[in-house]
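The data block below is query_37.cif; it holds mmCIF, C-alpha atoms.
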data_start
loop_
_atom_site.group_PDB
_atom_site.id
_atom_site.type_symbol
_atom_site.label_atom_id
_atom_site.label_comp_id
_atom_site.auth_asym_id
_atom_site.auth_seq_id
_atom_site.Cartn_x
_atom_site.Cartn_y
_atom_site.Cartn_z
ATOM 1 C CA MET W 1 -35.863 -2.753 24.198
ATOM 2 C CA SER W 2 -33.404 -4.699 22.051
ATOM 3 C CA ALA W 3 -31.916 -7.871 23.409
ATOM 4 C CA ALA W 4 -28.221 -8.009 24.213
ATOM 5 C CA GLY W 5 -26.065 -9.274 21.364
ATOM 6 C CA PRO W 6 -24.475 -12.734 21.454
ATOM 7 C CA ALA W 7 -20.801 -13.248 22.291
ATOM 8 C CA ASN W 8 -19.880 -13.993 18.663
ATOM 9 C CA PRO W 9 -22.523 -12.176 16.631
ATOM 10 C CA PRO W 10 -23.451 -13.763 13.303
ATOM 11 C CA VAL W 11 -24.165 -11.641 10.271
ATOM 12 C CA ILE W 12 -27.818 -11.611 9.219
ATOM 13 C CA LEU W 13 -28.607 -11.012 5.551
ATOM 14 C CA ILE W 14 -32.131 -9.971 4.547
ATOM 15 C CA MET W 15 -32.325 -10.418 0.781
ATOM 16 C CA GLY W 16 -35.132 -10.151 -1.724
ATOM 17 C CA ALA W 17 -36.525 -8.365 -4.730
ATOM 18 C CA THR W 18 -37.554 -4.738 -4.585
ATOM 19 C CA ALA W 19 -40.802 -4.127 -2.665
ATOM 20 C CA SER W 20 -40.717 -7.609 -1.106
ATOM 21 C CA GLY W 21 -40.749 -6.332 2.484
ATOM 22 C CA LYS W 22 -37.054 -6.341 3.437
ATOM 23 C CA THR W 23 -37.176 -3.053 5.336
ATOM 24 C CA GLY W 24 -40.189 -4.081 7.406
ATOM 25 C CA LEU W 25 -38.602 -7.369 8.454
ATOM 26 C CA SER W 26 -35.273 -5.736 9.260
ATOM 27 C CA LEU W 27 -36.913 -3.141 11.501
ATOM 28 C CA ALA W 28 -38.929 -5.852 13.253
ATOM 29 C CA LEU W 29 -35.667 -7.690 13.932
ATOM 30 C CA ALA W 30 -34.058 -4.465 15.124
ATOM 31 C CA GLU W 31 -36.717 -4.246 17.838
ATOM 32 C CA ARG W 32 -35.346 -7.512 19.271
ATOM 33 C CA LEU W 33 -31.656 -7.265 18.478
ATOM 34 C CA ASP W 34 -28.829 -4.996 19.521
ATOM 35 C CA CYS W 35 -27.944 -4.546 15.882
ATOM 36 C CA GLU W 36 -26.659 -2.100 13.306
ATOM 37 C CA ILE W 37 -27.932 -2.132 9.732
ATOM 38 C CA VAL W 38 -25.654 -2.107 6.694
ATOM 39 C CA SER W 39 -27.500 -1.076 3.542
ATOM 40 C CA VAL W 40 -26.937 -3.295 0.498
ATOM 41 C CA ASP W 41 -28.461 -0.843 -1.968
ATOM 42 C CA SER W 42 -26.673 0.880 -4.834
ATOM 43 C CA ALA W 43 -29.058 3.876 -4.810
ATOM 44 C CA GLN W 44 -29.284 4.518 -1.072
ATOM 45 C CA VAL W 45 -25.582 5.388 -0.955
ATOM 46 C CA TYR W 46 -26.402 8.666 -2.739
ATOM 47 C CA ARG W 47 -27.469 11.855 -1.058
ATOM 48 C CA GLY W 48 -30.625 13.431 -2.464
ATOM 49 C CA MET W 49 -31.968 10.121 -3.762
ATOM 50 C CA ASP W 50 -34.368 9.370 -0.944
ATOM 51 C CA ILE W 51 -37.874 8.700 -2.209
ATOM 52 C CA GLY W 52 -37.012 6.737 -5.333
ATOM 53 C CA SER W 53 -34.544 4.514 -3.460
ATOM 54 C CA ALA W 54 -37.071 3.818 -0.650
ATOM 55 C CA LYS W 55 -34.476 5.109 1.800
ATOM 56 C CA PRO W 56 -35.429 4.785 5.484
ATOM 57 C CA ASP W 57 -36.821 8.032 6.852
ATOM 58 C CA ARG W 58 -34.999 10.190 9.390
ATOM 59 C CA ALA W 59 -36.849 8.720 12.356
ATOM 60 C CA THR W 60 -35.814 5.200 11.346
ATOM 61 C CA LEU W 61 -32.220 6.247 10.711
ATOM 62 C CA ALA W 62 -32.172 7.832 14.168
ATOM 63 C CA ARG W 63 -33.714 4.791 15.882
ATOM 64 C CA VAL W 64 -31.425 2.135 14.389
ATOM 65 C CA PRO W 65 -27.797 2.816 13.357
ATOM 66 C CA HIS W 66 -27.480 2.578 9.564
ATOM 67 C CA HIS W 67 -24.350 2.397 7.433
ATOM 68 C CA LEU W 68 -23.645 3.031 3.722
ATOM 69 C CA VAL W 69 -26.573 5.440 3.450
ATOM 70 C CA ASP W 70 -26.016 9.006 2.162
ATOM 71 C CA ILE W 71 -22.262 8.567 1.795
ATOM 72 C CA LEU W 72 -21.807 9.904 -1.759
ATOM 73 C CA ASP W 73 -22.903 12.677 -4.087
ATOM 74 C CA PRO W 74 -24.696 11.406 -7.234
ATOM 75 C CA LEU W 75 -21.734 12.632 -9.301
ATOM 76 C CA GLU W 76 -19.581 9.924 -7.733
ATOM 77 C CA SER W 77 -19.542 6.216 -8.511
ATOM 78 C CA TYR W 78 -19.648 3.270 -6.119
ATOM 79 C CA SER W 79 -18.569 -0.225 -7.111
ATOM 80 C CA ALA W 80 -19.314 -3.720 -5.874
ATOM 81 C CA ALA W 81 -15.661 -4.107 -4.901
ATOM 82 C CA ARG W 82 -15.793 -0.938 -2.824
ATOM 83 C CA PHE W 83 -19.034 -2.092 -1.204
ATOM 84 C CA ALA W 84 -17.494 -5.444 -0.240
ATOM 85 C CA ALA W 85 -14.485 -3.735 1.324
ATOM 86 C CA ASP W 86 -16.693 -1.260 3.210
ATOM 87 C CA ALA W 87 -19.116 -3.979 4.339
ATOM 88 C CA LEU W 88 -16.355 -6.290 5.615
ATOM 89 C CA ARG W 89 -14.831 -3.421 7.574
ATOM 90 C CA LEU W 90 -18.199 -2.430 9.046
ATOM 91 C CA ILE W 91 -19.072 -6.021 9.953
ATOM 92 C CA ASP W 92 -15.838 -6.312 11.937
ATOM 93 C CA GLU W 93 -16.488 -2.997 13.664
ATOM 94 C CA ILE W 94 -20.074 -3.916 14.549
ATOM 95 C CA ARG W 95 -19.037 -7.338 15.836
ATOM 96 C CA ASN W 96 -16.280 -5.766 17.932
ATOM 97 C CA ARG W 97 -18.942 -3.595 19.558
ATOM 98 C CA GLY W 98 -20.812 -6.790 20.488
ATOM 99 C CA ARG W 99 -23.689 -5.978 18.156
ATOM 100 C CA VAL W 100 -25.259 -7.968 15.354
ATOM 101 C CA PRO W 101 -24.519 -6.837 11.767
ATOM 102 C CA LEU W 102 -27.806 -6.826 9.841
ATOM 103 C CA LEU W 103 -27.342 -6.466 6.072
ATOM 104 C CA VAL W 104 -30.453 -5.426 4.173
ATOM 105 C CA GLY W 105 -30.982 -4.648 0.495
ATOM 106 C CA GLY W 106 -31.504 -5.861 -3.025
ATOM 107 C CA THR W 107 -28.346 -5.034 -4.984
ATOM 108 C CA MET W 108 -27.373 -8.551 -5.947
ATOM 109 C CA LEU W 109 -23.959 -7.701 -7.370
ATOM 110 C CA TYR W 110 -23.021 -6.344 -3.939
ATOM 111 C CA TYR W 111 -24.078 -9.599 -2.295
ATOM 112 C CA ARG W 112 -22.117 -11.555 -4.892
ATOM 113 C CA ALA W 113 -18.997 -9.540 -4.125
ATOM 114 C CA LEU W 114 -19.443 -10.039 -0.390
ATOM 115 C CA LEU W 115 -20.327 -13.751 -0.407
ATOM 116 C CA HIS W 116 -18.424 -15.081 -3.414
ATOM 117 C CA GLY W 117 -15.742 -12.511 -4.182
ATOM 118 C CA LEU W 118 -14.896 -10.617 -7.340
ATOM 119 C CA SER W 119 -12.106 -11.134 -9.814
ATOM 120 C CA ASP W 120 -9.227 -8.707 -9.496
ATOM 121 C CA LEU W 121 -9.959 -6.652 -12.599
ATOM 122 C CA PRO W 122 -8.410 -3.220 -13.212
ATOM 123 C CA SER W 123 -10.617 -0.160 -13.002
ATOM 124 C CA ALA W 124 -12.060 1.332 -16.162
ATOM 125 C CA ASP W 125 -9.973 3.852 -18.087
ATOM 126 C CA PRO W 126 -12.215 6.395 -19.875
ATOM 127 C CA ARG W 127 -9.481 7.367 -22.347
ATOM 128 C CA ILE W 128 -8.833 3.788 -23.454
ATOM 129 C CA ARG W 129 -12.565 3.118 -23.705
ATOM 130 C CA ALA W 130 -13.105 6.199 -25.842
ATOM 131 C CA ARG W 131 -10.281 5.229 -28.182
ATOM 132 C CA LEU W 132 -11.535 1.645 -28.517
ATOM 133 C CA GLU W 133 -15.024 2.899 -29.270
ATOM 134 C CA ALA W 134 -13.672 5.265 -31.919
ATOM 135 C CA GLU W 135 -11.757 2.386 -33.521
ATOM 136 C CA ALA W 136 -14.875 0.219 -33.436
ATOM 137 C CA ASN W 137 -16.887 2.974 -35.149
ATOM 138 C CA ARG W 138 -14.268 2.992 -37.913
ATOM 139 C CA LEU W 139 -13.557 -0.753 -38.225
ATOM 140 C CA GLY W 140 -16.707 -2.391 -36.849
ATOM 141 C CA TRP W 141 -17.131 -4.580 -33.767
ATOM 142 C CA PRO W 142 -16.497 -7.860 -35.659
ATOM 143 C CA ALA W 143 -13.016 -6.546 -36.464
ATOM 144 C CA MET W 144 -12.501 -5.677 -32.782
ATOM 145 C CA HIS W 145 -13.630 -9.208 -31.949
ATOM 146 C CA GLU W 146 -10.986 -10.575 -34.320
ATOM 147 C CA ARG W 147 -8.373 -8.492 -32.520
ATOM 148 C CA LEU W 148 -9.535 -9.909 -29.209
ATOM 149 C CA ALA W 149 -9.333 -13.452 -30.625
ATOM 150 C CA ARG W 150 -5.635 -12.900 -31.352
ATOM 151 C CA LEU W 151 -4.944 -11.510 -27.863
ATOM 152 C CA ASP W 152 -7.355 -13.538 -25.710
ATOM 153 C CA PRO W 153 -8.822 -16.474 -27.648
ATOM 154 C CA VAL W 154 -10.549 -17.948 -24.566
ATOM 155 C CA THR W 155 -12.622 -14.827 -23.933
ATOM 156 C CA ALA W 156 -13.257 -14.203 -27.635
ATOM 157 C CA ALA W 157 -14.625 -17.727 -28.059
ATOM 158 C CA ARG W 158 -17.454 -17.078 -25.619
ATOM 159 C CA LEU W 159 -18.381 -13.616 -26.934
ATOM 160 C CA HIS W 160 -20.563 -12.795 -29.929
ATOM 161 C CA PRO W 161 -18.758 -10.590 -32.481
ATOM 162 C CA ASN W 162 -21.319 -7.838 -31.837
ATOM 163 C CA ASP W 163 -21.155 -7.962 -28.015
ATOM 164 C CA GLN W 164 -19.798 -4.436 -27.903
ATOM 165 C CA GLN W 165 -19.643 -3.888 -24.141
ATOM 166 C CA ARG W 166 -17.791 -7.113 -23.295
ATOM 167 C CA ILE W 167 -15.406 -6.946 -26.246
ATOM 168 C CA GLN W 168 -14.501 -3.392 -25.309
ATOM 169 C CA ARG W 169 -13.968 -4.336 -21.659
ATOM 170 C CA ALA W 170 -11.814 -7.353 -22.540
ATOM 171 C CA LEU W 171 -9.586 -5.263 -24.805
ATOM 172 C CA GLU W 172 -9.403 -2.529 -22.181
ATOM 173 C CA VAL W 173 -8.252 -5.007 -19.509
ATOM 174 C CA ILE W 174 -5.524 -6.312 -21.819
ATOM 175 C CA GLU W 175 -4.268 -2.795 -22.567
ATOM 176 C CA ILE W 176 -4.213 -1.792 -18.903
ATOM 177 C CA SER W 177 -2.723 -4.942 -17.414
ATOM 178 C CA GLY W 178 -1.084 -6.770 -20.297
ATOM 179 C CA LEU W 179 -3.012 -9.902 -19.242
ATOM 180 C CA PRO W 180 -6.134 -11.614 -20.622
ATOM 181 C CA LEU W 181 -9.337 -11.671 -18.593
ATOM 182 C CA GLN W 182 -8.918 -15.262 -17.414
ATOM 183 C CA ALA W 183 -5.680 -14.402 -15.614
ATOM 184 C CA HIS W 184 -7.586 -11.974 -13.405
ATOM 185 C CA PHE W 185 -10.254 -14.522 -12.496
ATOM 186 C CA ASP W 186 -7.612 -16.643 -10.774
ATOM 187 C CA THR W 187 -7.468 -14.054 -7.964
ATOM 188 C CA ARG W 188 -10.616 -13.085 -6.123
ATOM 189 C CA SER W 189 -11.366 -10.461 -3.503
ATOM 190 C CA PRO W 190 -11.828 -11.308 0.210
ATOM 191 C CA VAL W 191 -15.267 -12.619 1.182
ATOM 192 C CA LEU W 192 -17.431 -12.787 4.274
ATOM 193 C CA THR W 193 -16.218 -15.270 6.879
ATOM 194 C CA GLY W 194 -17.634 -16.394 10.193
ATOM 195 C CA PRO W 195 -21.238 -17.343 10.970
ATOM 196 C CA TYR W 196 -24.056 -15.805 8.967
ATOM 197 C CA HIS W 197 -27.732 -16.399 8.213
ATOM 198 C CA GLN W 198 -29.374 -15.713 4.845
ATOM 199 C CA PHE W 199 -33.083 -15.017 4.482
ATOM 200 C CA VAL W 200 -34.763 -14.411 1.131
ATOM 201 C CA LEU W 201 -38.177 -12.760 1.022
ATOM 202 C CA ASP W 202 -39.881 -14.375 -1.942
ATOM 203 C CA PRO W 203 -43.646 -13.940 -2.472
ATOM 204 C CA PRO W 204 -44.854 -17.258 -3.941
ATOM 205 C CA GLN W 205 -47.151 -15.472 -6.401
ATOM 206 C CA ARG W 206 -45.407 -13.094 -8.809
ATOM 207 C CA ALA W 207 -48.668 -11.185 -9.211
ATOM 208 C CA VAL W 208 -48.416 -10.257 -5.526
ATOM 209 C CA LEU W 209 -44.939 -8.821 -6.006
ATOM 210 C CA HIS W 210 -46.035 -6.964 -9.150
ATOM 211 C CA GLU W 211 -48.918 -5.418 -7.242
ATOM 212 C CA ARG W 212 -46.572 -4.399 -4.412
ATOM 213 C CA ILE W 213 -44.232 -2.753 -6.929
ATOM 214 C CA GLU W 214 -47.043 -0.800 -8.586
ATOM 215 C CA ARG W 215 -48.514 0.301 -5.271
ATOM 216 C CA ARG W 216 -45.150 1.437 -3.950
ATOM 217 C CA PHE W 217 -44.302 3.353 -7.127
ATOM 218 C CA HIS W 218 -47.577 5.287 -6.923
ATOM 219 C CA LEU W 219 -46.903 5.972 -3.246
ATOM 220 C CA MET W 220 -43.461 7.339 -4.102
ATOM 221 C CA MET W 221 -45.065 9.641 -6.652
ATOM 222 C CA GLU W 222 -47.434 10.924 -3.957
ATOM 223 C CA GLN W 223 -44.442 11.500 -1.681
ATOM 224 C CA GLY W 224 -42.754 13.765 -4.241
ATOM 225 C CA PHE W 225 -40.600 11.468 -6.365
ATOM 226 C CA LEU W 226 -40.994 13.701 -9.433
ATOM 227 C CA ASP W 227 -39.826 16.771 -7.479
ATOM 228 C CA GLU W 228 -36.843 14.771 -6.240
ATOM 229 C CA VAL W 229 -35.831 13.938 -9.816
ATOM 230 C CA ARG W 230 -36.484 17.522 -10.900
ATOM 231 C CA HIS W 231 -34.165 18.789 -8.168
ATOM 232 C CA LEU W 232 -31.404 16.428 -9.321
ATOM 233 C CA ARG W 233 -31.857 17.475 -12.950
ATOM 234 C CA ASP W 234 -31.915 21.166 -12.092
ATOM 235 C CA ARG W 235 -28.450 20.890 -10.555
ATOM 236 C CA GLY W 236 -27.076 20.975 -14.087
ATOM 237 C CA ASP W 237 -24.053 18.760 -13.399
ATOM 238 C CA LEU W 238 -25.783 15.359 -13.512
ATOM 239 C CA ASN W 239 -26.720 13.206 -16.498
ATOM 240 C CA LEU W 240 -28.270 9.838 -17.245
ATOM 241 C CA GLU W 241 -24.883 8.218 -17.934
ATOM 242 C CA LEU W 242 -23.912 8.425 -14.265
ATOM 243 C CA PRO W 243 -24.308 5.210 -12.233
ATOM 244 C CA ALA W 244 -26.576 6.956 -9.722
ATOM 245 C CA LEU W 245 -29.146 7.906 -12.359
ATOM 246 C CA ARG W 246 -29.382 4.360 -13.689
ATOM 247 C CA ALA W 247 -31.551 3.446 -10.702
ATOM 248 C CA VAL W 248 -35.019 2.336 -11.802
ATOM 249 C CA GLY W 249 -37.607 5.073 -11.793
ATOM 250 C CA TYR W 250 -35.154 7.952 -11.922
ATOM 251 C CA ARG W 251 -34.358 7.536 -15.608
ATOM 252 C CA GLN W 252 -38.026 7.351 -16.638
ATOM 253 C CA LEU W 253 -38.997 10.493 -14.705
ATOM 254 C CA TRP W 254 -35.885 12.317 -15.940
ATOM 255 C CA LEU W 255 -36.854 11.585 -19.547
ATOM 256 C CA HIS W 256 -40.379 12.837 -18.826
ATOM 257 C CA LEU W 257 -38.888 16.120 -17.603
ATOM 258 C CA GLN W 258 -36.934 16.280 -20.879
ATOM 259 C CA GLY W 259 -40.208 15.966 -22.775
ATOM 260 C CA GLU W 260 -39.691 12.417 -24.034
ATOM 261 C CA TYR W 261 -43.154 11.323 -22.876
ATOM 262 C CA ASP W 262 -45.982 12.429 -20.573
ATOM 263 C CA LEU W 263 -46.114 11.712 -16.856
ATOM 264 C CA ASP W 264 -48.564 8.813 -17.061
ATOM 265 C CA GLU W 265 -46.314 7.024 -19.534
ATOM 266 C CA ALA W 266 -43.255 7.783 -17.401
ATOM 267 C CA VAL W 267 -44.933 6.206 -14.381
ATOM 268 C CA GLN W 268 -45.940 3.111 -16.345
ATOM 269 C CA ARG W 269 -42.434 2.799 -17.767
ATOM 270 C CA GLY W 270 -41.011 3.182 -14.264
ATOM 271 C CA ILE W 271 -43.270 0.418 -12.941
ATOM 272 C CA ALA W 272 -42.365 -1.848 -15.869
ATOM 273 C CA ALA W 273 -38.634 -1.202 -15.359
ATOM 274 C CA THR W 274 -38.976 -1.973 -11.656
ATOM 275 C CA ARG W 275 -40.714 -5.260 -12.431
ATOM 276 C CA GLN W 276 -37.929 -6.205 -14.830
ATOM 277 C CA PHE W 277 -35.390 -5.323 -12.172
ATOM 278 C CA ALA W 278 -37.230 -7.541 -9.677
ATOM 279 C CA LYS W 279 -37.184 -10.391 -12.190
ATOM 280 C CA ARG W 280 -33.394 -10.129 -12.469
ATOM 281 C CA GLN W 281 -33.081 -10.056 -8.682
ATOM 282 C CA LEU W 282 -35.194 -13.201 -8.335
ATOM 283 C CA THR W 283 -33.164 -14.983 -11.005
ATOM 284 C CA TRP W 284 -29.995 -14.311 -9.037
ATOM 285 C CA LEU W 285 -31.582 -15.309 -5.734
ATOM 286 C CA ARG W 286 -32.567 -18.711 -7.089
ATOM 287 C CA HIS W 287 -28.873 -19.643 -6.962
ATOM 288 C CA GLU W 288 -28.578 -18.840 -3.241
ATOM 289 C CA SER W 289 -29.339 -22.370 -2.125
ATOM 290 C CA ALA W 290 -28.124 -21.798 1.442
ATOM 291 C CA ALA W 291 -30.746 -19.117 2.087
ATOM 292 C CA LEU W 292 -34.037 -19.747 3.871
ATOM 293 C CA ARG W 293 -36.841 -18.625 1.565
ATOM 294 C CA LEU W 294 -39.783 -16.899 3.229
ATOM 295 C CA ASP W 295 -43.192 -15.619 2.194
ATOM 296 C CA PRO W 296 -43.238 -11.976 3.392
ATOM 297 C CA ASP W 297 -46.993 -12.258 4.055
ATOM 298 C CA GLU W 298 -46.679 -15.443 6.089
ATOM 299 C CA PRO W 299 -48.310 -15.125 9.553
ATOM 300 C CA GLY W 300 -45.713 -15.159 12.302
ATOM 301 C CA LEU W 301 -42.861 -14.308 9.938
ATOM 302 C CA ILE W 302 -40.766 -12.521 12.548
ATOM 303 C CA GLU W 303 -41.184 -15.422 14.983
ATOM 304 C CA LYS W 304 -40.021 -17.882 12.338
ATOM 305 C CA VAL W 305 -36.941 -15.822 11.564
ATOM 306 C CA TRP W 306 -36.200 -15.338 15.252
ATOM 307 C CA SER W 307 -36.386 -19.044 15.961
ATOM 308 C CA CYS W 308 -33.968 -19.764 13.096
ATOM 309 C CA LEU W 309 -31.403 -17.323 14.454
ATOM 310 C CA ASN W 310 -31.029 -19.028 17.863
ATOM 311 C CA LEU W 311 -29.164 -16.030 19.247
ATOM 312 C CA ALA W 312 -29.654 -16.792 22.934
#

Let me see whether you can do it: turn the structure in this file into structure tokens.
Amino acid sequence: MSAAGPANPPVILIMGATASGKTGLSLALAERLDCEIVSVDSAQVYRGMDIGSAKPDRATLARVPHHLVDILDPLESYSAARFAADALRLIDEIRNRGRVPLLVGGTMLYYRALLHGLSDLPSADPRIRARLEAEANRLGWPAMHERLARLDPVTAARLHPNDQQRIQRALEVIEISGLPLQAHFDTRSPVLTGPYHQFVLDPPQRAVLHERIERRFHLMMEQGFLDEVRHLRDRGDLNLELPALRAVGYRQLWLHLQGEYDLDEAVQRGIAATRQFAKRQLTWLRHESAALRLDPDEPGLIEKVWSCLNLA
């Protein structure tokens, strides 16, 4: 039986690299708390992407209320700004119900948007991007960089002349808004307010995390990950340029189904990509100085977390 929630529920954030044990800790907390879980995962928002995103199973979803899971078709896109807006709304709703909002996941850009805010940049315009890319193919990216230097010298000074993606985005922002990038960074989106606790699951030995990642990837394969990717590919309306299919593991198995390489190589590439993803997550988490760092294999982990919460 879960304990009653406190009068002014704090937000609890369970952060960590992929395969570090976030789901296990969150469910252990859910046994003690009257809580609702908000997923902080850019793949779990998509329907039909269950195994490869390590989405909680139906029994878990039925036992503990979950939010931002299965809310979109893989054809759609979901941004950090949209996540922050959705999460702030859900946190208020959960608090108003007297329950504890428990945020769990490893999409660090989403956490950044929620905790630190995002600059008020305009949305991408596919037509402008396509035209800029066509001009770059004709003139070269150094010439596009020179154009940017005339329009936004501050941004151009910190970009390499061949940094195609950022040069294109900076020029796109200027065309859409008439303002350089720096002007947009002066306004940031709303951020999380009120009490909250941050916990980072961080195995002290990277070899332990690497072994967890490999073991989980093989388990996902046994659970039917390849069939899941095959089903998505067989729809005929999805492609690897969509944000949903950029999730680690999906791209490697998709390319195997296209004949790019055999299954063993696809699995090894998927494991390697997941390890690289975990490395990027850990790099970001090192800057979260306010978070309590925990060894997921530490005896009495749940008791330690519980004592830090002081929710009586």

Within 12 Å of range 78-88 of chain W, which residues of range 213-258 of chain W come that close, and what is the closest atom pair and distance in Å for each? Count all atoms listed in the file and give it as a tab-separated table.
residue	atom	partner	partner_atom	distance
W:Leu242	CA	W:Tyr78	CA	10.5
W:Pro243	CA	W:Tyr78	CA	7.9
W:Ala244	CA	W:Tyr78	CA	8.6

With a distance cut-off of 10 Å and all atoms listed in the file, select the neighbouring residues of range 51-60 of chain W, excluding the residue or stretch itself and same-chain residues fewer than 2 positions from it, and output the selection as a PyMOL selection string. chain W and resi 18-19+23+27+39+41-46+48-49+62-66+69-70+216-217+219-229+247-250

Decode the PyMOL selection byres ((chain W and resi 11-13) around 7) for the given file into explicit residues and return them as an MDAnalysis selection string. chainID W and resid 9:10 14:15 100:104 195:199

Could you tell me which residues the PyMOL selection byres ((chain W and resi 290-306) around 8) returns for this structure, as a PyMOL selection string? chain W and resi 20-21+25+28-29+197-204+288-289+307-310

At what distance in Å, to one decimal, does CA of Gly270 in chain W lie from CA of Lys22 in chain W?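 Value for the CA of Lys22 in chain W-CA of Gly270 in chain W distance: 20.5 Å.
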
Please list as number ranges by chain every residue within 12 Å of Gln258 in chain W, counting all atoms listed in the file and excluding residues in the same chain fewer than 3 positions away. W: 229-230, 233-234, 239-240, 251-255, 261-263, 266

Can I get the selected residues back with C-alpha atoms, as a PDB file, in the frame of the given file?
ATOM      1  CA  VAL W 229     -35.831  13.938  -9.816  1.00  0.00           C
ATOM      2  CA  ARG W 230     -36.484  17.522 -10.900  1.00  0.00           C
ATOM      3  CA  ARG W 233     -31.857  17.475 -12.950  1.00  0.00           C
ATOM      4  CA  ASP W 234     -31.915  21.166 -12.092  1.00  0.00           C
ATOM      5  CA  ASN W 239     -26.720  13.206 -16.498  1.00  0.00           C
ATOM      6  CA  LEU W 240     -28.270   9.838 -17.245  1.00  0.00           C
ATOM      7  CA  ARG W 251     -34.358   7.536 -15.608  1.00  0.00           C
ATOM      8  CA  GLN W 252     -38.026   7.351 -16.638  1.00  0.00           C
ATOM      9  CA  LEU W 253     -38.997  10.493 -14.705  1.00  0.00           C
ATOM     10  CA  TRP W 254     -35.885  12.317 -15.940  1.00  0.00           C
ATOM     11  CA  LEU W 255     -36.854  11.585 -19.547  1.00  0.00           C
ATOM     12  CA  TYR W 261     -43.154  11.323 -22.876  1.00  0.00           C
ATOM     13  CA  ASP W 262     -45.982  12.429 -20.573  1.00  0.00           C
ATOM     14  CA  LEU W 263     -46.114  11.712 -16.856  1.00  0.00           C
ATOM     15  CA  ALA W 266     -43.255   7.783 -17.401  1.00  0.00           C
TER      16      ALA W 266
END

Between CA of Gly106 in chain W and CA of Glu36 in chain W, what is the spacing in Å?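 If I compute the distance from CA of Glu36 in chain W to CA of Gly106 in chain W, I get 17.4 Å.
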
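When CA of Pro122 in chain W is paired with CA of Leu179 in chain W, their separation reads 10.5 Å.
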
What would the selection look like, as a ChimeraX atom specification, if the PyMOL selection byres ((chain W and resi 160) around 12) were run on the coordinates I just shared? /W:141-146,148-149,155-159,161-167

Nearest candidate to Leu75 in chain W (options W:Gly117, W:Gly140, W:Gly236, W:Gly178; using only C-alpha atoms): W:Gly236

Which residue, W:Ile213, W:Val208, W:His218, W:Ala134, has the smallest gap to Asp264 in chain W when you use all atoms listed in the file? W:His218

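Here the question is which of W:Ala183, W:Ala17, W:Leu285, W:Leu139 gets nearest to Val154 in chain W using all atoms listed in the file, and that residue is W:Ala183.
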
Which is closest to Glu214 in chain W among W:Thr274, W:Ser177, W:Ser77, W:Ser26, if we use all atoms listed in the file?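 Looking at the shortest contact to Glu214 in chain W, the residue is W:Thr274.
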
With 5 Å added on each side, what axis-aligned box encloses every listed atom of range 265-273 of chain W? Give the centre and edge lengths in Å to one decimal, as JSON.
{"center_x": -42.5, "center_y": 3.0, "center_z": -16.2, "size_x": 17.7, "size_y": 19.6, "size_z": 16.6}

Using all atoms listed in the file, can you tell me which of W:Arg212, W:Arg32, W:Lys279, W:Arg129 comes closest to Ile174 in chain W? W:Arg129
